[in-house]
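Enquirer: You'll find start_6.json just under this line, and it carries JSON, C-alpha atoms.
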[["chain", "number", "residue", "atom", "x", "y", "z"],
["A", 1042, "MET", "CA", -41.44, 18.42, 26.81],
["A", 1043, "GLU", "CA", -41.60, 20.41, 23.59],
["A", 1044, "ILE", "CA", -38.94, 21.58, 21.15],
["A", 1045, "ILE", "CA", -39.27, 25.18, 20.00],
["A", 1046, "PRO", "CA", -37.01, 27.85, 18.49],
["A", 1047, "ALA", "CA", -34.58, 29.56, 20.85],
["A", 1048, "ASN", "CA", -33.78, 33.27, 20.77],
["A", 1049, "ILE", "CA", -31.73, 35.94, 22.53],
["A", 1050, "PHE", "CA", -34.10, 35.92, 25.50],
["A", 1051, "ASP", "CA", -32.76, 32.43, 26.26],
["A", 1052, "LEU", "CA", -29.23, 33.73, 26.84],
["A", 1053, "ASN", "CA", -29.13, 33.27, 30.62],
["A", 1054, "ALA", "CA", -30.69, 29.80, 30.51],
["A", 1055, "LEU", "CA", -28.32, 28.76, 27.72],
["A", 1056, "ARG", "CA", -25.32, 30.11, 29.58],
["A", 1057, "LYS", "CA", -26.25, 28.05, 32.65],
["A", 1058, "LEU", "CA", -26.83, 24.93, 30.55],
["A", 1059, "GLU", "CA", -23.50, 25.35, 28.72],
["A", 1060, "ARG", "CA", -21.54, 25.70, 31.97],
["A", 1061, "GLU", "CA", -23.29, 22.69, 33.46],
["A", 1062, "SER", "CA", -22.80, 20.54, 30.37],
["A", 1063, "PHE", "CA", -19.39, 21.64, 29.13],
["A", 1064, "GLU", "CA", -17.54, 22.87, 32.19],
["A", 1065, "ARG", "CA", -14.15, 22.75, 30.44],
["A", 1066, "ASP", "CA", -15.41, 23.97, 27.08],
["A", 1067, "ALA", "CA", -18.41, 26.20, 27.77],
["A", 1068, "TRP", "CA", -18.75, 28.84, 25.10],
["A", 1069, "PRO", "CA", -17.98, 32.43, 26.11],
["A", 1070, "ILE", "CA", -20.92, 34.81, 26.25],
["A", 1071, "ILE", "CA", -20.07, 36.38, 22.88],
["A", 1072, "ASP", "CA", -20.39, 32.97, 21.19],
["A", 1073, "LEU", "CA", -23.70, 32.33, 22.95],
["A", 1074, "ILE", "CA", -25.03, 35.68, 21.74],
["A", 1075, "ALA", "CA", -23.86, 34.81, 18.22],
["A", 1076, "VAL", "CA", -25.53, 31.39, 18.18],
["A", 1077, "LEU", "CA", -28.78, 32.97, 19.37],
["A", 1078, "THR", "CA", -28.77, 35.81, 16.83],
["A", 1079, "PHE", "CA", -26.82, 34.94, 13.66],
["A", 1080, "PRO", "CA", -29.04, 34.44, 10.61],
["A", 1081, "ASP", "CA", -29.38, 30.91, 9.20],
["A", 1082, "VAL", "CA", -28.31, 29.21, 12.44],
["A", 1083, "VAL", "CA", -30.73, 26.50, 13.53],
["A", 1084, "ARG", "CA", -31.31, 27.01, 17.27],
["A", 1085, "LEU", "CA", -33.79, 24.94, 19.17],
["A", 1086, "LYS", "CA", -34.53, 24.41, 22.83],
["A", 1087, "ALA", "CA", -36.25, 21.64, 24.71],
["A", 1088, "VAL", "CA", -38.64, 23.11, 27.26],
["A", 1089, "GLU", "CA", -40.51, 21.58, 30.16],
["A", 1090, "ASP", "CA", -42.59, 23.65, 32.58],
["A", 1091, "ASP", "CA", -41.34, 26.85, 30.89],
["A", 1092, "ARG", "CA", -37.72, 25.87, 31.62],
["A", 1093, "MET", "CA", -34.97, 25.17, 29.08],
["A", 1094, "ILE", "CA", -33.81, 21.61, 29.64],
["A", 1095, "GLY", "CA", -31.91, 21.17, 26.37],
["A", 1096, "PHE", "CA", -30.46, 23.08, 23.45],
["A", 1097, "VAL", "CA", -29.07, 22.35, 20.00],
["A", 1098, "ALA", "CA", -27.56, 24.63, 17.37],
["A", 1099, "GLY", "CA", -26.79, 23.76, 13.78],
["A", 1100, "ASP", "CA", -24.90, 25.64, 11.08],
["A", 1101, "PRO", "CA", -26.18, 24.75, 7.60],
["A", 1102, "ARG", "CA", -23.56, 24.98, 4.88],
["A", 1103, "PRO", "CA", -25.51, 24.28, 1.68],
["A", 1104, "ARG", "CA", -22.63, 25.17, -0.65],
["A", 1105, "ASP", "CA", -20.56, 22.47, 1.04],
["A", 1106, "GLY", "CA", -23.44, 19.98, 1.08],
["A", 1107, "TRP", "CA", -23.45, 19.51, 4.83],
["A", 1108, "GLY", "CA", -24.35, 21.14, 8.11],
["A", 1109, "TRP", "CA", -22.56, 21.28, 11.41],
["A", 1110, "ILE", "CA", -24.16, 20.39, 14.73],
["A", 1111, "ALA", "CA", -22.32, 23.08, 16.70],
["A", 1112, "THR", "CA", -23.56, 22.20, 20.16],
["A", 1113, "ILE", "CA", -26.08, 19.97, 21.86],
["A", 1114, "ALA", "CA", -26.67, 19.91, 25.61],
["A", 1115, "VAL", "CA", -29.24, 18.46, 27.98],
["A", 1116, "ASP", "CA", -29.74, 19.39, 31.63],
["A", 1117, "THR", "CA", -28.14, 16.72, 33.84],
["A", 1118, "ASN", "CA", -31.48, 16.03, 35.53],
["A", 1119, "PHE", "CA", -33.08, 15.14, 32.18],
["A", 1120, "ARG", "CA", -30.39, 13.05, 30.50],
["A", 1121, "ARG", "CA", -31.09, 9.53, 29.24],
["A", 1122, "HIS", "CA", -34.72, 10.37, 28.48],
["A", 1123, "GLY", "CA", -34.39, 10.82, 24.70],
["A", 1124, "ILE", "CA", -34.20, 14.61, 24.79],
["A", 1125, "GLY", "CA", -30.77, 14.76, 23.16],
["A", 1126, "THR", "CA", -31.95, 12.44, 20.40],
["A", 1127, "ALA", "CA", -35.11, 14.50, 19.87],
["A", 1128, "LEU", "CA", -33.08, 17.72, 19.66],
["A", 1129, "LEU", "CA", -30.64, 16.10, 17.23],
["A", 1130, "HIS", "CA", -33.46, 14.91, 14.93],
["A", 1131, "ALA", "CA", -35.19, 18.30, 15.02],
["A", 1132, "CYS", "CA", -31.98, 20.10, 14.11],
["A", 1133, "GLU", "CA", -31.11, 17.64, 11.33],
["A", 1134, "LYS", "CA", -34.54, 18.18, 9.74],
["A", 1135, "ARG", "CA", -34.08, 21.95, 9.71],
["A", 1136, "LEU", "CA", -30.52, 21.99, 8.35],
["A", 1137, "GLY", "CA", -31.75, 21.41, 4.79],
["A", 1138, "VAL", "CA", -28.54, 19.70, 3.66],
["A", 1139, "PRO", "CA", -27.72, 16.10, 2.70],
["A", 1140, "LYS", "CA", -25.16, 15.46, 5.45],
["A", 1141, "SER", "CA", -24.58, 16.42, 9.06],
["A", 1142, "ARG", "CA", -21.28, 16.61, 10.94],
["A", 1143, "LEU", "CA", -20.29, 17.10, 14.57],
["A", 1144, "THR", "CA", -17.42, 16.71, 16.99],
["A", 1145, "VAL", "CA", -17.43, 14.94, 20.32],
["A", 1146, "ARG", "CA", -14.82, 14.36, 23.03],
["A", 1147, "THR", "CA", -13.21, 10.93, 22.79],
["A", 1148, "SER", "CA", -14.11, 10.41, 26.47],
["A", 1149, "ASN", "CA", -17.83, 11.18, 26.02],
["A", 1150, "ARG", "CA", -18.96, 7.58, 25.58],
["A", 1151, "GLY", "CA", -22.64, 8.37, 26.19],
["A", 1152, "ALA", "CA", -22.79, 10.92, 23.38],
["A", 1153, "ILE", "CA", -20.74, 8.75, 21.02],
["A", 1154, "THR", "CA", -23.10, 5.83, 21.62],
["A", 1155, "MET", "CA", -26.12, 8.04, 20.90],
["A", 1156, "TYR", "CA", -24.58, 9.43, 17.70],
["A", 1157, "GLU", "CA", -23.65, 5.95, 16.46],
["A", 1158, "ARG", "CA", -27.16, 4.69, 17.24],
["A", 1159, "GLU", "CA", -28.51, 7.60, 15.18],
["A", 1160, "GLY", "CA", -26.37, 6.74, 12.15],
["A", 1161, "TYR", "CA", -23.26, 8.87, 12.65],
["A", 1162, "GLN", "CA", -19.92, 7.36, 11.70],
["A", 1163, "THR", "CA", -16.42, 8.45, 12.66],
["A", 1164, "THR", "CA", -14.64, 10.19, 9.79],
["A", 1165, "ASP", "CA", -11.64, 11.78, 11.52],
["A", 1166, "VAL", "CA", -9.94, 12.52, 14.82],
["A", 1167, "TRP", "CA", -8.75, 16.04, 15.56],
["A", 1168, "LYS", "CA", -5.80, 15.85, 17.91],
["A", 1169, "ALA", "CA", -5.79, 18.11, 20.99],
["A", 1170, "TYR", "CA", -8.97, 19.88, 19.81],
["A", 1171, "TYR", "CA", -10.35, 20.72, 23.24],
["A", 1172, "ASN", "CA", -8.95, 23.28, 25.69],
["A", 1173, "ASP", "CA", -7.42, 20.61, 27.91],
["A", 1174, "GLY", "CA", -5.77, 18.80, 24.98],
["A", 1175, "GLU", "CA", -8.31, 15.98, 24.59],
["A", 1176, "ASP", "CA", -8.93, 14.76, 21.05],
["A", 1177, "ALA", "CA", -12.22, 15.23, 19.21],
["A", 1178, "ILE", "CA", -13.91, 12.57, 17.12],
["A", 1179, "VAL", "CA", -15.46, 13.98, 13.95],
["A", 1180, "MET", "CA", -18.63, 12.15, 12.99],
["A", 1181, "GLU", "CA", -20.86, 12.38, 9.92],
["A", 1182, "LYS", "CA", -24.30, 11.16, 8.91],
["A", 1183, "THR", "CA", -26.12, 11.12, 5.60],
["A", 1184, "LEU", "CA", -29.54, 12.62, 6.28]]
Just give me the structure of the file as structure tokens.

Expert:
Amino acid sequence: MEIIPANIFDLNALRKLERESFERDAWPIIDLIAVLTFPDVVRLKAVEDDRMIGFVAGDPRPRDGWGWIATIAVDTNFRRHGIGTALLHACEKRLGVPKSRLTVRTSNRGAITMYEREGYQTTDVWKAYYNDGEDAIVMEKTL
């Protein structure tokens, strides 16, 4: 597995990964195009055998002193192998800011556990953030 920059040619693979990972909250195609083309966005993919098996995008906000991990997803067949953690670390390094923030569903215990293990702490809860009304936990880490 290697982590390399993603680009617009990854649109179909990213769309499939998003639907698989975030069935209820998969980004619409216009958002996927944006994350793959907007300047300054950190976009990385985990690849094995020329296939995207993971993706992370980060939005650096240097004026605010932090960056936002906008999305992170790993193919269901490759979860629990450290790929999500590797993608998270790679994105954090490239954000170029002192802090990183993200949101996660309150029910996503696996992701919450990983983020806590990697130094993220809960800073807020956004009520009814997701499409189905589930709350989001806002987490932050000093890099």

Enquirer: Would you kindly return, as a VMD selection string, each protein, DNA or RNA residue with an atom no farther than 8 Å from any atom of segment 1069-1073 of chain A, considering only C-alpha atoms and excluding same-chain residues fewer than 6 positions away?

Expert: chain A and resid 1052 1055 to 1056

Enquirer: Which polymer residues have any atom within 7 Å of an atom of segment 1078-1091 of chain A, counting only C-alpha atoms, with same-chain residues fewer than 6 positions away left out, as a list of chain:residue names?

Expert: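 Close residues of segment 1078-1091 of chain A: A:Met1042, A:Glu1043, A:Ile1044, A:Ile1045, A:Pro1046, A:Ala1047, A:Asn1048, A:Ile1049, A:Val1097, A:Ala1098, A:Gly1099, A:Asp1100, A:Pro1101, A:Cys1132, A:Arg1135, A:Leu1136.
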
Enquirer: Nearest residue to Ser1141 of chain A out of A:Trp1109, A:Trp1068, A:Phe1063, A:Phe1096, using all atoms listed in the file?

Expert: A:Trp1109

Enquirer: Select, from A:His1130, A:Arg1065, A:His1122, A:Arg1060, the residue with the minimum atom-to-atom distance to Lys1182 of chain A, counting only C-alpha atoms.

Expert: A:His1130

Enquirer: At what distance in Å, to one decimal, does atom CA of Glu1061 of chain A lie from atom CA of Val1076 of chain A?

Expert: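 Between these atoms lies a distance of 17.7 Å.
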
Enquirer: Figure out the distance between atom CA of Ala1067 of chain A and atom CA of Thr1164 of chain A, please, to one decimal in Å.

Expert: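 It comes out at 24.4 Å.
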
Enquirer: With only C-alpha atoms as the counted atoms, please give the residues lying no more than 8 Å from Thr1163 of chain A, apart from itself and same-chain residues fewer than 2 positions off, as a list in words.

Expert: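 Here the qualifying residues turn out to be Tyr1161, Asp1165, Val1166, Ile1178, Val1179, Met1180 and Glu1181 of chain A.
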
Enquirer: In Å, rounded to a single decimal, give me how far atom CA of Arg1142 of chain A is from atom CA of Arg1102 of chain A.

Expert: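 We find that atom CA of Arg1102 of chain A and atom CA of Arg1142 of chain A lie 10.6 Å from each other.
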
Enquirer: When you count only C-alpha atoms, which of these residues is closest to Gly1160 of chain A: A:Leu1129, A:Met1093, A:Val1138, A:Ala1177?

Expert: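 The closest residue to Gly1160 of chain A is A:Leu1129.
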
Enquirer: Would you pick out the contacts of Gly1174 of chain A at 12 Å or less, using only C-alpha atoms, so that residues sharing its chain but fewer than 5 positions from it are not included, and give the list as a PDB file with C-alpha atoms, in the frame of the given file?

Expert:
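After the write, selection31.pdb holds the following:
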ATOM      1  CA  ARG A1065     -14.150  22.750  30.440  1.00  0.00           C
ATOM      2  CA  ASP A1066     -15.410  23.970  27.080  1.00  0.00           C
ATOM      3  CA  ARG A1146     -14.820  14.360  23.030  1.00  0.00           C
ATOM      4  CA  THR A1147     -13.210  10.930  22.790  1.00  0.00           C
ATOM      5  CA  SER A1148     -14.110  10.410  26.470  1.00  0.00           C
ATOM      6  CA  TRP A1167      -8.750  16.040  15.560  1.00  0.00           C
ATOM      7  CA  LYS A1168      -5.800  15.850  17.910  1.00  0.00           C
ATOM      8  CA  ALA A1169      -5.790  18.110  20.990  1.00  0.00           C
TER       9      ALA A1169
END
